[in-house]
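S.K.: A single structure is presented below for examination.
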Amino acid sequence: MKIRRAVLRFALEIAKESYPNEFIALLTGKKGIIEELIFLPFQAGETSAIIHMDMLPLGYKIYGTIHSHPSPNCKPSPQDIQMFMKYGSIHIIVCYPFTEDCWTCYDKNGNEISIEVID
């Protein structure tokens with residue numbers, strides 16, 4: 001799996017704008033490359049973000065999720081892992097201060113995995 005650098009940078013900017021609240025979006029793309037974020041209505045605060053998956057239009061390939069933590073801790077919470085298990089196989093958490101080295105990718109079980117960032 002790969003992610004476009006522009007998508008990752010966009011997510012980091014959204015996280016900065018949302019701070020101190022979390023944000024959440026879905027990851028989509030084609031041929032194993034994450035190329036877009038899908039924003040659905042969500043509820044967020046300083047400790048959680050809940051996305052309304054019932055608002056997802058038909059026909060999207062969902063690779064997983066991306067959300068922010070307003071602290072320097074990118075480790076998934078038990079609630080994060082519950083969400084990971086429901087929606088796709090790639091899950092990214094971006095954390096404060098939301099620079100290009102402040103993110104971690106996980107599988108659906110909460111195990112840290114690597115994905116390649118491409119231009």
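To be explicit about the labels: the chains of the structure tokens are called A, B, and onward in the order shown, and within each one the residues are counted from 1, while ligands get numbers from 1 in the order they are shown.
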Which residues, written as number ranges by chain, have at least one atom at most 12 Å from Thr99 of chain A, with only C-alpha atoms counted and residues fewer than 2 positions away on the same chain left out?
M.R.: A: 8-16, 68, 72, 94-97, 101-104
S.K.: Only N, CA, C and O atoms, please: the residues just picked out, written as a PDB file, in the first residue's frame.
M.R.:
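Output contents, as saved in out-v8.pdb:
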ATOM      1  N   LEU A   8      -1.248  13.023   2.453  1.00  0.00           N
ATOM      2  CA  LEU A   8      -0.753  13.049   3.826  1.00  0.00           C
ATOM      3  C   LEU A   8      -0.595  14.500   4.309  1.00  0.00           C
ATOM      4  O   LEU A   8      -1.017  14.841   5.417  1.00  0.00           O
ATOM      5  N   ARG A   9      -0.026  15.353   3.483  1.00  0.00           N
ATOM      6  CA  ARG A   9       0.138  16.763   3.858  1.00  0.00           C
ATOM      7  C   ARG A   9      -1.219  17.435   4.088  1.00  0.00           C
ATOM      8  O   ARG A   9      -1.374  18.224   5.017  1.00  0.00           O
ATOM      9  N   PHE A  10      -2.188  17.116   3.255  1.00  0.00           N
ATOM     10  CA  PHE A  10      -3.529  17.671   3.409  1.00  0.00           C
ATOM     11  C   PHE A  10      -4.130  17.258   4.749  1.00  0.00           C
ATOM     12  O   PHE A  10      -4.693  18.066   5.480  1.00  0.00           O
ATOM     13  N   ALA A  11      -3.982  15.979   5.098  1.00  0.00           N
ATOM     14  CA  ALA A  11      -4.502  15.490   6.375  1.00  0.00           C
ATOM     15  C   ALA A  11      -3.823  16.191   7.549  1.00  0.00           C
ATOM     16  O   ALA A  11      -4.481  16.543   8.538  1.00  0.00           O
ATOM     17  N   LEU A  12      -2.530  16.413   7.454  1.00  0.00           N
ATOM     18  CA  LEU A  12      -1.815  17.118   8.522  1.00  0.00           C
ATOM     19  C   LEU A  12      -2.313  18.558   8.653  1.00  0.00           C
ATOM     20  O   LEU A  12      -2.452  19.070   9.767  1.00  0.00           O
ATOM     21  N   GLU A  13      -2.619  19.201   7.540  1.00  0.00           N
ATOM     22  CA  GLU A  13      -3.161  20.570   7.584  1.00  0.00           C
ATOM     23  C   GLU A  13      -4.555  20.584   8.216  1.00  0.00           C
ATOM     24  O   GLU A  13      -4.861  21.471   9.015  1.00  0.00           O
ATOM     25  N   ILE A  14      -5.384  19.624   7.859  1.00  0.00           N
ATOM     26  CA  ILE A  14      -6.723  19.535   8.458  1.00  0.00           C
ATOM     27  C   ILE A  14      -6.603  19.312   9.968  1.00  0.00           C
ATOM     28  O   ILE A  14      -7.336  19.895  10.760  1.00  0.00           O
ATOM     29  N   ALA A  15      -5.658  18.476  10.372  1.00  0.00           N
ATOM     30  CA  ALA A  15      -5.443  18.224  11.804  1.00  0.00           C
ATOM     31  C   ALA A  15      -5.046  19.515  12.524  1.00  0.00           C
ATOM     32  O   ALA A  15      -5.550  19.796  13.615  1.00  0.00           O
ATOM     33  N   LYS A  16      -4.171  20.294  11.908  1.00  0.00           N
ATOM     34  CA  LYS A  16      -3.771  21.575  12.504  1.00  0.00           C
ATOM     35  C   LYS A  16      -4.960  22.510  12.643  1.00  0.00           C
ATOM     36  O   LYS A  16      -5.131  23.170  13.664  1.00  0.00           O
ATOM     37  N   SER A  68      -6.898  12.288  13.721  1.00  0.00           N
ATOM     38  CA  SER A  68      -5.855  12.983  14.463  1.00  0.00           C
ATOM     39  C   SER A  68      -5.981  12.740  15.957  1.00  0.00           C
ATOM     40  O   SER A  68      -7.066  12.459  16.467  1.00  0.00           O
ATOM     41  N   PRO A  72       0.943  14.369  21.361  1.00  0.00           N
ATOM     42  CA  PRO A  72       2.037  13.761  20.591  1.00  0.00           C
ATOM     43  C   PRO A  72       1.992  12.226  20.559  1.00  0.00           C
ATOM     44  O   PRO A  72       2.904  11.598  20.045  1.00  0.00           O
ATOM     45  N   VAL A  94      -2.507  10.753  12.802  1.00  0.00           N
ATOM     46  CA  VAL A  94      -1.583  11.881  12.788  1.00  0.00           C
ATOM     47  C   VAL A  94      -1.665  12.526  14.169  1.00  0.00           C
ATOM     48  O   VAL A  94      -2.737  12.606  14.753  1.00  0.00           O
ATOM     49  N   CYS A  95      -0.521  12.946  14.701  1.00  0.00           N
ATOM     50  CA  CYS A  95      -0.523  13.495  16.053  1.00  0.00           C
ATOM     51  C   CYS A  95       0.228  14.826  16.114  1.00  0.00           C
ATOM     52  O   CYS A  95       1.017  15.146  15.232  1.00  0.00           O
ATOM     53  N   TYR A  96      -0.070  15.551  17.173  1.00  0.00           N
ATOM     54  CA  TYR A  96       0.510  16.865  17.410  1.00  0.00           C
ATOM     55  C   TYR A  96       2.032  16.765  17.461  1.00  0.00           C
ATOM     56  O   TYR A  96       2.537  15.817  18.030  1.00  0.00           O
ATOM     57  N   PRO A  97       2.764  17.662  16.827  1.00  0.00           N
ATOM     58  CA  PRO A  97       2.405  18.951  16.239  1.00  0.00           C
ATOM     59  C   PRO A  97       2.055  18.901  14.755  1.00  0.00           C
ATOM     60  O   PRO A  97       2.071  19.908  14.066  1.00  0.00           O
ATOM     61  N   ASP A 101       6.588  14.063  10.087  1.00  0.00           N
ATOM     62  CA  ASP A 101       7.071  12.864  10.786  1.00  0.00           C
ATOM     63  C   ASP A 101       6.197  12.505  11.985  1.00  0.00           C
ATOM     64  O   ASP A 101       6.558  11.646  12.784  1.00  0.00           O
ATOM     65  N   CYS A 102       5.020  13.123  12.089  1.00  0.00           N
ATOM     66  CA  CYS A 102       4.119  12.882  13.227  1.00  0.00           C
ATOM     67  C   CYS A 102       2.891  12.094  12.793  1.00  0.00           C
ATOM     68  O   CYS A 102       1.756  12.566  12.880  1.00  0.00           O
ATOM     69  N   TRP A 103       3.114  10.884  12.330  1.00  0.00           N
ATOM     70  CA  TRP A 103       2.012  10.005  11.951  1.00  0.00           C
ATOM     71  C   TRP A 103       2.498   8.560  12.004  1.00  0.00           C
ATOM     72  O   TRP A 103       3.682   8.285  11.892  1.00  0.00           O
ATOM     73  N   THR A 104       1.549   7.666  12.187  1.00  0.00           N
ATOM     74  CA  THR A 104       1.835   6.238  12.218  1.00  0.00           C
ATOM     75  C   THR A 104       0.685   5.510  11.543  1.00  0.00           C
ATOM     76  O   THR A 104      -0.467   5.916  11.647  1.00  0.00           O
TER      77      THR A 104
END
S.K.: Run DSSP on the backbone and tell me which residues of segment 21-117 of chain A come out as helix (DSSP H, G or I); list them as a ChimeraX atom specification.
M.R.: /A:53-55,78-86
S.K.: Determine, counting only C-alpha atoms, which protein, DNA and RNA residues have an atom within 7 Å of an atom of His67 of chain A; residues of the same chain fewer than 6 positions away are not included. Present the result as a list in words.
M.R.: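 Neighbouring residues, sequence-local ones excluded: Glu22, Phe23, Ile24, Ala25, Ile92, Ile93 and Val94 of chain A.
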S.K.: How would the residues just chosen look if you wrote them out with N, CA and C atoms as a PDB file, in the first residue's frame?
M.R.:
ATOM      1  N   GLU A  22     -10.181  16.512  17.458  1.00  0.00           N
ATOM      2  CA  GLU A  22      -9.771  15.504  16.488  1.00  0.00           C
ATOM      3  C   GLU A  22     -10.554  15.706  15.186  1.00  0.00           C
ATOM      4  N   PHE A  23     -10.044  15.114  14.114  1.00  0.00           N
ATOM      5  CA  PHE A  23     -10.804  15.011  12.869  1.00  0.00           C
ATOM      6  C   PHE A  23     -10.712  13.568  12.414  1.00  0.00           C
ATOM      7  N   ILE A  24     -11.607  13.181  11.526  1.00  0.00           N
ATOM      8  CA  ILE A  24     -11.575  11.831  10.969  1.00  0.00           C
ATOM      9  C   ILE A  24     -12.044  11.882   9.520  1.00  0.00           C
ATOM     10  N   ALA A  25     -11.437  11.054   8.686  1.00  0.00           N
ATOM     11  CA  ALA A  25     -11.816  10.925   7.281  1.00  0.00           C
ATOM     12  C   ALA A  25     -11.531   9.488   6.839  1.00  0.00           C
ATOM     13  N   ILE A  92      -4.440   5.397   9.658  1.00  0.00           N
ATOM     14  CA  ILE A  92      -3.375   6.348   9.957  1.00  0.00           C
ATOM     15  C   ILE A  92      -3.833   7.264  11.083  1.00  0.00           C
ATOM     16  N   ILE A  93      -2.943   7.453  12.046  1.00  0.00           N
ATOM     17  CA  ILE A  93      -3.164   8.444  13.092  1.00  0.00           C
ATOM     18  C   ILE A  93      -2.085   9.507  12.935  1.00  0.00           C
ATOM     19  N   VAL A  94      -2.507  10.753  12.802  1.00  0.00           N
ATOM     20  CA  VAL A  94      -1.583  11.881  12.788  1.00  0.00           C
ATOM     21  C   VAL A  94      -1.665  12.526  14.169  1.00  0.00           C
TER      22      VAL A  94
END
S.K.: Let me make sure I understand: among A:Met85, A:Leu58, A:Ile90, A:Leu40, which one has the smallest atom-to-atom distance to Ser114 of chain A if we use only C-alpha atoms?
M.R.: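 Of A:Met85, A:Leu58, A:Ile90, A:Leu40, the one nearest Ser114 of chain A, counting only C-alpha atoms, is A:Ile90.
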S.K.: Using only C-alpha atoms, which residue out of A:Thr65, A:Gln79, A:Thr47, A:Asn73 lies closest to Tyr106 of chain A?
M.R.: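 The closest residue to Tyr106 of chain A is A:Thr65.
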S.K.: Would you mind telling me which residue in A:Ile118, A:Ile113, A:Met83, A:Ile38 lies nearest to Ile62 of chain A when using only C-alpha atoms?
M.R.: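 Ranking A:Ile118, A:Ile113, A:Met83, A:Ile38 by distance to Ile62 of chain A, first place goes to A:Ile38.
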S.K.: Looking at A:Asn109, A:Thr28, A:Gln43, A:Gln82, which one is nearest to Val7 of chain A, with distances taken over only C-alpha atoms?
M.R.: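 Closest residue, counting only C-alpha atoms: A:Thr28.
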S.K.: Given the choices A:Ile66, A:Ile50, A:Ile33, A:Leu26, which gets closest to Val117 of chain A if the distance is worked out from only C-alpha atoms?
M.R.: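 Looking at the shortest contact to Val117 of chain A, the residue is A:Ile33.
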S.K.: Quick one: DSSP strand (DSSP E or B) residues in chain A, as an NGL selection string?
M.R.: :A and (2-4 or 24-30 or 33-38 or 42-44 or 49-51 or 62-69 or 90-95 or 103-106 or 112-113 or 116-118)
S.K.: Which residue out of A:Lys108, A:Pro78, A:Arg5, A:Tyr60 has the minimum interatomic distance to Glu35 of chain A when only C-alpha atoms are used?
M.R.: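 Once distances to Glu35 of chain A are computed over only C-alpha atoms, the minimum belongs to A:Arg5.
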